[in-house]
$ cat work-v4.pdb   # PDB, C-alpha atoms and all ligand atoms
ATOM      1  CA  MET A   1     -10.958 -74.845   7.527
ATOM      2  CA  SER A   2      -9.437 -73.398  10.704
ATOM      3  CA  PRO A   3     -10.574 -69.879  11.701
ATOM      4  CA  LYS A   4      -7.055 -68.703  11.142
ATOM      5  CA  SER A   5      -6.898 -69.828   7.550
ATOM      6  CA  LYS A   6     -10.368 -68.340   6.999
ATOM      7  CA  VAL A   7      -8.980 -64.967   7.988
ATOM      8  CA  GLN A   8      -6.109 -65.596   5.634
ATOM      9  CA  THR A   9      -8.428 -66.280   2.708
ATOM     10  CA  LEU A  10     -10.560 -63.236   3.470
ATOM     11  CA  LYS A  11      -7.478 -61.082   3.693
ATOM     12  CA  SER A  12      -6.091 -62.300   0.431
ATOM     13  CA  LYS A  13      -9.483 -61.714  -1.201
ATOM     14  CA  THR A  14      -9.585 -58.068  -0.145
ATOM     15  CA  GLU A  15      -6.001 -57.587  -1.189
ATOM     16  CA  ASP A  16      -6.899 -59.112  -4.483
ATOM     17  CA  ARG A  17      -9.709 -56.698  -5.076
ATOM     18  CA  ARG A  18      -7.703 -53.500  -4.646
ATOM     19  CA  PRO A  19      -5.547 -53.739  -7.755
ATOM     20  CA  LYS A  20      -8.634 -54.639  -9.774
ATOM     21  CA  THR A  21     -10.416 -51.476  -8.685
ATOM     22  CA  LYS A  22      -7.348 -49.535  -9.720
ATOM     23  CA  THR A  23      -7.306 -51.241 -13.095
ATOM     24  CA  VAL A  24     -10.955 -50.356 -13.629
ATOM     25  CA  ILE A  25     -10.313 -46.714 -12.760
ATOM     26  CA  VAL A  26      -7.296 -46.574 -15.072
ATOM     27  CA  CYS A  27      -9.336 -48.150 -17.874
ATOM     28  CA  LEU A  28     -12.165 -45.662 -17.358
ATOM     29  CA  PHE A  29      -9.713 -42.806 -17.556
ATOM     30  CA  ALA A  30      -8.146 -44.218 -20.700
ATOM     31  CA  ALA A  31     -11.540 -44.726 -22.306
ATOM     32  CA  PHE A  32     -12.557 -41.194 -21.441
ATOM     33  CA  ALA A  33      -9.303 -39.759 -22.799
ATOM     34  CA  ILE A  34      -9.687 -41.656 -26.068
ATOM     35  CA  PHE A  35     -13.294 -40.517 -26.357
ATOM     36  CA  ALA A  36     -12.396 -36.883 -25.639
ATOM     37  CA  CYS A  37      -9.639 -36.934 -28.238
ATOM     38  CA  SER A  38     -11.645 -38.552 -30.978
ATOM     39  CA  SER A  39     -14.891 -36.626 -30.694
ATOM     40  CA  GLY A  40     -15.560 -33.422 -32.551
ATOM     41  CA  ASN A  41     -13.530 -31.089 -34.716
ATOM     42  CA  ALA A  42     -12.385 -28.980 -31.795
ATOM     43  CA  THR A  43      -9.830 -31.565 -30.787
ATOM     44  CA  ARG A  44      -8.778 -32.468 -34.327
ATOM     45  CA  ARG A  45      -5.044 -32.249 -34.697
ATOM     46  CA  GLU A  46      -4.376 -29.187 -36.793
ATOM     47  CA  PHE A  47      -2.638 -29.505 -40.108
ATOM     48  CA  ASN A  48       0.662 -27.649 -39.914
ATOM     49  CA  ILE A  49       1.306 -25.879 -43.216
ATOM     50  CA  ALA A  50       4.816 -24.715 -42.341
ATOM     51  CA  GLU A  51       5.942 -28.272 -41.566
ATOM     52  CA  SER A  52       4.139 -29.995 -44.414
ATOM     53  CA  LYS A  53       6.109 -31.238 -47.398
ATOM     54  CA  SER A  54       3.025 -31.619 -49.586
ATOM     55  CA  TYR A  55       2.873 -29.876 -52.951
ATOM     56  CA  GLU A  56      -0.280 -28.007 -51.943
ATOM     57  CA  ALA A  57       1.329 -26.694 -48.767
ATOM     58  CA  SER A  58       4.232 -25.311 -50.767
ATOM     59  CA  LEU A  59       1.821 -23.685 -53.234
ATOM     60  CA  PHE A  60       0.044 -22.172 -50.252
ATOM     61  CA  ARG A  61       3.272 -20.794 -48.828
ATOM     62  CA  GLN A  62       4.144 -19.236 -52.191
ATOM     63  CA  ASN A  63       0.757 -17.848 -53.192
ATOM     64  CA  CYS A  64      -1.597 -17.509 -50.280
ATOM     65  CA  ALA A  65       0.311 -17.133 -47.009
ATOM     66  CA  ILE A  66       1.176 -13.489 -47.685
ATOM     67  CA  CYS A  67      -2.493 -12.582 -47.224
ATOM     68  CA  HIS A  68      -4.126 -15.444 -45.322
ATOM     69  CA  GLY A  69      -1.230 -15.906 -42.905
ATOM     70  CA  GLN A  70       1.369 -18.655 -42.647
ATOM     71  CA  GLU A  71      -1.082 -21.093 -41.093
ATOM     72  CA  ALA A  72      -4.165 -19.770 -42.918
ATOM     73  CA  ASN A  73      -5.609 -18.343 -39.724
ATOM     74  CA  GLY A  74      -6.263 -14.968 -41.319
ATOM     75  CA  LYS A  75      -4.368 -11.749 -41.032
ATOM     76  CA  GLU A  76      -4.857  -8.012 -40.758
ATOM     77  CA  ILE A  77      -3.339  -5.932 -43.537
ATOM     78  CA  ASP A  78      -3.713  -2.142 -43.427
ATOM     79  CA  GLY A  79      -6.632  -2.481 -41.064
ATOM     80  CA  LYS A  80      -8.437  -4.910 -43.390
ATOM     81  CA  LEU A  81      -9.124  -8.413 -42.160
ATOM     82  CA  ILE A  82      -8.184 -11.243 -44.496
ATOM     83  CA  PRO A  83     -10.286 -14.234 -43.474
ATOM     84  CA  SER A  84      -9.089 -17.514 -41.970
ATOM     85  CA  LEU A  85      -9.416 -20.421 -44.376
ATOM     86  CA  ARG A  86      -9.853 -22.888 -41.507
ATOM     87  CA  TYR A  87     -12.796 -21.457 -39.585
ATOM     88  CA  GLY A  88     -15.629 -19.007 -40.008
ATOM     89  CA  ASP A  89     -17.114 -18.117 -43.357
ATOM     90  CA  ALA A  90     -14.679 -20.190 -45.395
ATOM     91  CA  ALA A  91     -15.678 -23.356 -43.532
ATOM     92  CA  THR A  92     -19.332 -22.892 -44.502
ATOM     93  CA  LYS A  93     -18.628 -22.557 -48.230
ATOM     94  CA  PRO A  94     -19.267 -25.454 -50.584
ATOM     95  CA  GLU A  95     -16.429 -26.825 -52.678
ATOM     96  CA  GLU A  96     -17.619 -25.043 -55.840
ATOM     97  CA  GLU A  97     -17.432 -21.588 -54.206
ATOM     98  CA  ILE A  98     -13.947 -22.163 -52.862
ATOM     99  CA  TYR A  99     -12.853 -23.341 -56.291
ATOM    100  CA  GLN A 100     -14.353 -20.228 -57.936
ATOM    101  CA  GLN A 101     -12.823 -17.950 -55.322
ATOM    102  CA  ILE A 102      -9.338 -19.273 -56.091
ATOM    103  CA  LYS A 103      -9.820 -19.382 -59.847
ATOM    104  CA  GLU A 104     -11.597 -16.061 -60.435
ATOM    105  CA  GLY A 105     -10.695 -14.229 -57.234
ATOM    106  CA  LYS A 106     -12.980 -11.778 -55.500
ATOM    107  CA  LEU A 107     -11.686  -8.326 -54.771
ATOM    108  CA  PRO A 108      -9.366  -7.669 -53.110
ATOM    109  CA  MET A 109      -8.259 -11.283 -53.635
ATOM    110  CA  PRO A 110      -6.663 -11.750 -57.047
ATOM    111  CA  ALA A 111      -7.667 -14.482 -59.507
ATOM    112  CA  PHE A 112      -5.240 -17.366 -59.718
ATOM    113  CA  LYS A 113      -6.274 -18.785 -63.078
ATOM    114  CA  ASN A 114      -3.200 -17.305 -64.744
ATOM    115  CA  GLN A 115      -0.740 -18.332 -62.020
ATOM    116  CA  LEU A 116      -2.004 -21.807 -61.231
ATOM    117  CA  SER A 117      -2.987 -24.595 -63.602
ATOM    118  CA  GLU A 118      -6.491 -26.064 -63.525
ATOM    119  CA  ALA A 119      -5.131 -29.113 -61.696
ATOM    120  CA  GLU A 120      -3.385 -26.894 -59.142
ATOM    121  CA  ILE A 121      -6.559 -24.881 -58.496
ATOM    122  CA  LYS A 122      -8.416 -28.139 -57.879
ATOM    123  CA  ARG A 123      -5.688 -29.352 -55.557
ATOM    124  CA  MET A 124      -5.777 -26.077 -53.616
ATOM    125  CA  THR A 125      -9.550 -26.376 -53.281
ATOM    126  CA  GLN A 126      -9.088 -29.870 -51.828
ATOM    127  CA  PHE A 127      -6.256 -28.609 -49.644
ATOM    128  CA  VAL A 128      -8.474 -25.940 -48.076
ATOM    129  CA  ARG A 129     -11.307 -28.385 -47.467
ATOM    130  CA  ARG A 130      -9.458 -31.558 -46.546
ATOM    131  CA  ASP A 131      -6.317 -30.340 -44.788
ATOM    132  CA  LEU A 132      -7.412 -27.014 -43.342
ATOM    133  CA  GLN A 133     -11.070 -27.691 -42.622
ATOM    134  CA  GLY A 134     -10.896 -31.447 -42.034
ATOM    135  CA  LYS A 135     -13.741 -32.243 -44.414
ATOM    136  CA  LEU A 136     -14.232 -35.400 -46.395
ATOM    137  CA  GLU A 137     -14.444 -35.120 -50.161
ATOM    138  CA  THR A 138     -18.161 -35.868 -50.137
ATOM    139  CA  GLU A 139     -19.019 -33.307 -47.437
ATOM    140  CA  ASN A 140     -20.352 -29.866 -48.209
TER     141      ASN A 140
HETATM  142  C1  LIG A 201      -3.734 -10.340 -52.032
HETATM  143  C2  LIG A 201      -4.237 -11.074 -50.888
HETATM  144  C3  LIG A 201      -4.744 -12.488 -51.080
HETATM  145  C4  LIG A 201      -4.080 -13.569 -51.621
HETATM  146  C5  LIG A 201      -2.676 -13.599 -52.211
HETATM  147  C6  LIG A 201      -4.980 -14.693 -51.497
HETATM  148  N1  LIG A 201      -6.143 -14.311 -50.916
HETATM  149 FE1  LIG A 201      -7.740 -15.509 -50.552
HETATM  150  N2  LIG A 201      -8.799 -13.889 -49.878
HETATM  151  C7  LIG A 201      -8.305 -12.606 -49.749
HETATM  152  C8  LIG A 201      -9.358 -11.742 -49.262
HETATM  153  C9  LIG A 201      -9.229 -10.253 -48.984
HETATM  154  C10 LIG A 201     -10.509 -12.556 -49.114
HETATM  155  C11 LIG A 201     -11.909 -12.101 -48.672
HETATM  156  C12 LIG A 201     -12.668 -11.738 -49.917
HETATM  157  C13 LIG A 201     -14.048 -11.302 -49.589
HETATM  158  O1  LIG A 201     -14.208 -10.401 -48.795
HETATM  159  O2  LIG A 201     -14.972 -11.889 -50.159
HETATM  160  C14 LIG A 201     -10.111 -13.903 -49.502
HETATM  161  C15 LIG A 201     -10.963 -14.995 -49.459
HETATM  162  C16 LIG A 201     -10.577 -16.294 -49.753
HETATM  163  C17 LIG A 201     -11.456 -17.444 -49.623
HETATM  164  C18 LIG A 201     -12.902 -17.412 -49.166
HETATM  165  C19 LIG A 201     -12.862 -17.296 -47.663
HETATM  166  C20 LIG A 201     -14.163 -16.933 -47.037
HETATM  167  O3  LIG A 201     -14.136 -16.605 -45.839
HETATM  168  O4  LIG A 201     -15.189 -16.979 -47.691
HETATM  169  C21 LIG A 201     -10.712 -18.534 -49.973
HETATM  170  C22 LIG A 201     -11.183 -19.988 -49.978
HETATM  171  C23 LIG A 201      -9.397 -18.071 -50.324
HETATM  172  N3  LIG A 201      -9.353 -16.707 -50.172
HETATM  173  C24 LIG A 201      -8.366 -18.893 -50.699
HETATM  174  C25 LIG A 201      -7.134 -18.430 -51.135
HETATM  175  C26 LIG A 201      -6.090 -19.287 -51.642
HETATM  176  C27 LIG A 201      -6.158 -20.814 -51.723
HETATM  177  C28 LIG A 201      -5.072 -18.484 -51.999
HETATM  178  C29 LIG A 201      -3.765 -18.891 -52.656
HETATM  179  C30 LIG A 201      -3.855 -19.620 -53.895
HETATM  180  C31 LIG A 201      -5.458 -17.108 -51.684
HETATM  181  N4  LIG A 201      -6.727 -17.113 -51.170
HETATM  182  C32 LIG A 201      -4.662 -15.985 -51.897
HETATM  183  C33 LIG A 201      -7.026 -12.199 -50.036
HETATM  184  C34 LIG A 201      -6.050 -12.971 -50.644
END

$ encode --input "work-v4.pdb" --output "structure tokens"
Amino acid sequence: MSPKSKVQTLKSKTEDRRPKTKTVIVCLFAAFAIFACSSGNATRREFNIAESKSYEASLFRQNCAICHGQEANGKEIDGKLIPSLRYGDAATKPEEEIYQQIKEGKLPMPAFKNQLSEAEIKRMTQFVRRDLQGKLETEN
């Protein structure tokens, strides 16, 4: 191999390496972005009640939004705080308590057992846990 062609090969080797380094950096960024988006509840995409066409979302808009707010983030009425159903206390309650709260009410929240059927109360319980709180059916 002539010295000239040696230089040529070396040159092409270094040129070759540059795009690879870039690819690695891009891949690392992509991996990090995917990791950041998939880890933890904080980055979970929020369920949008106003846009949802589900039956439960429409029941929520009709029966619950007036107090808990359109997106269930809580609301202040006459200086009294109505809790968020997504975060805080509500998110620590087991399924049974949420079900009872909707069915029997707890002052000042009215009972819904006369407005909603048993099946609807169960669906609203699941709605709060699954859609608003992002919990699986088996989680407490
Ligand atoms: C008239 C207003 C009002 C309406 C309508 C209402 N709520 Fe409530 N809700 C409240 C108040 C006030 C509380 C807090 C009660 C307390 O202090 O224990 C509450 C608490 C709750 C809790 C427990 C939250 C926690 O932090 O422990 C759940 C779950 C809940 N409501 C679900 C619903 C659902 C589902 C509907 C619709 C079917 C609904 N509520 C309709 C006023 C209302």

$ resolve_selection --input "work-v4.pdb" --expression "the PyMOL selection byres (((chain A and resi 91-97) around 10) and not hetatm)" --output "PyMOL selection string"
chain A and resi 84-90+98-103+122+125-126+128-129+132-135+137-140

$ write_last_selection --input "work-v4.pdb" --atoms "C-alpha atoms" --output "mmCIF file, keeping the file's coordinate frame"
data_model
loop_
_atom_site.group_PDB
_atom_site.id
_atom_site.type_symbol
_atom_site.label_atom_id
_atom_site.label_comp_id
_atom_site.auth_asym_id
_atom_site.auth_seq_id
_atom_site.Cartn_x
_atom_site.Cartn_y
_atom_site.Cartn_z
ATOM 1 C CA SER A 84 -9.089 -17.514 -41.970
ATOM 2 C CA LEU A 85 -9.416 -20.421 -44.376
ATOM 3 C CA ARG A 86 -9.853 -22.888 -41.507
ATOM 4 C CA TYR A 87 -12.796 -21.457 -39.585
ATOM 5 C CA GLY A 88 -15.629 -19.007 -40.008
ATOM 6 C CA ASP A 89 -17.114 -18.117 -43.357
ATOM 7 C CA ALA A 90 -14.679 -20.190 -45.395
ATOM 8 C CA ILE A 98 -13.947 -22.163 -52.862
ATOM 9 C CA TYR A 99 -12.853 -23.341 -56.291
ATOM 10 C CA GLN A 100 -14.353 -20.228 -57.936
ATOM 11 C CA GLN A 101 -12.823 -17.950 -55.322
ATOM 12 C CA ILE A 102 -9.338 -19.273 -56.091
ATOM 13 C CA LYS A 103 -9.820 -19.382 -59.847
ATOM 14 C CA LYS A 122 -8.416 -28.139 -57.879
ATOM 15 C CA THR A 125 -9.550 -26.376 -53.281
ATOM 16 C CA GLN A 126 -9.088 -29.870 -51.828
ATOM 17 C CA VAL A 128 -8.474 -25.940 -48.076
ATOM 18 C CA ARG A 129 -11.307 -28.385 -47.467
ATOM 19 C CA LEU A 132 -7.412 -27.014 -43.342
ATOM 20 C CA GLN A 133 -11.070 -27.691 -42.622
ATOM 21 C CA GLY A 134 -10.896 -31.447 -42.034
ATOM 22 C CA LYS A 135 -13.741 -32.243 -44.414
ATOM 23 C CA GLU A 137 -14.444 -35.120 -50.161
ATOM 24 C CA THR A 138 -18.161 -35.868 -50.137
ATOM 25 C CA GLU A 139 -19.019 -33.307 -47.437
ATOM 26 C CA ASN A 140 -20.352 -29.866 -48.209
#

$ atom_distance --input "work-v4.pdb" --atom1 "CA of Lys106 in chain A" --atom2 "CA of Ile49 in chain A"
23.5 Å

$ atom_distance --input "work-v4.pdb" --atom1 "CA of Pro83 in chain A" --atom2 "atom C3 of ligand LIG 201 (chain A)"
9.6 Å

$ residues_around --input "work-v4.pdb" --residues "Tyr55 in chain A" --least-positions-apart "4" --cutoff "9 Å" --atoms "all atoms listed in the file" --output "PyMOL selection string"
chain A and resi 59-60+123

$ residues_around --input "work-v4.pdb" --residues "range 68-70 of chain A" --least-positions-apart "3" --cutoff "10 Å" --atoms "all atoms listed in the file" --output "count of residues only"
19

$ axis_aligned_box --input "work-v4.pdb" --around "ligand LIG 201 (chain A)" --padding-each-side "4 Å" --output "JSON"
{"center_x": -8.9, "center_y": -15.5, "center_z": -49.9, "size_x": 20.5, "size_y": 18.6, "size_z": 16.1}

$ closest_residue --input "work-v4.pdb" --among "A:Val24, A:Ala119, A:Arg130, A:Phe112" --to "ligand LIG 201 (chain A)" --atoms "all atoms listed in the file"
A:Phe112

$ closest_residue --input "work-v4.pdb" --among "A:Cys67, A:Leu136, A:Glu118, A:Asp131" --to "ligand LIG 201 (chain A)" --atoms "all atoms listed in the file"
A:Cys67

$ closest_residue --input "work-v4.pdb" --among "A:Ile121, A:Leu116, A:Met109, A:Ala72" --to "ligand LIG 201 (chain A)" --atoms "all atoms listed in the file"
A:Met109

$ closest_residue --input "work-v4.pdb" --among "A:Arg45, A:Glu56, A:Pro110, A:Ser117" --to "ligand LIG 201 (chain A)" --atoms "only C-alpha atoms and all ligand atoms"
A:Pro110

$ atom_distance --input "work-v4.pdb" --atom1 "CA of Gly105 in chain A" --atom2 "CA of Glu46 in chain A"
26.1 Å
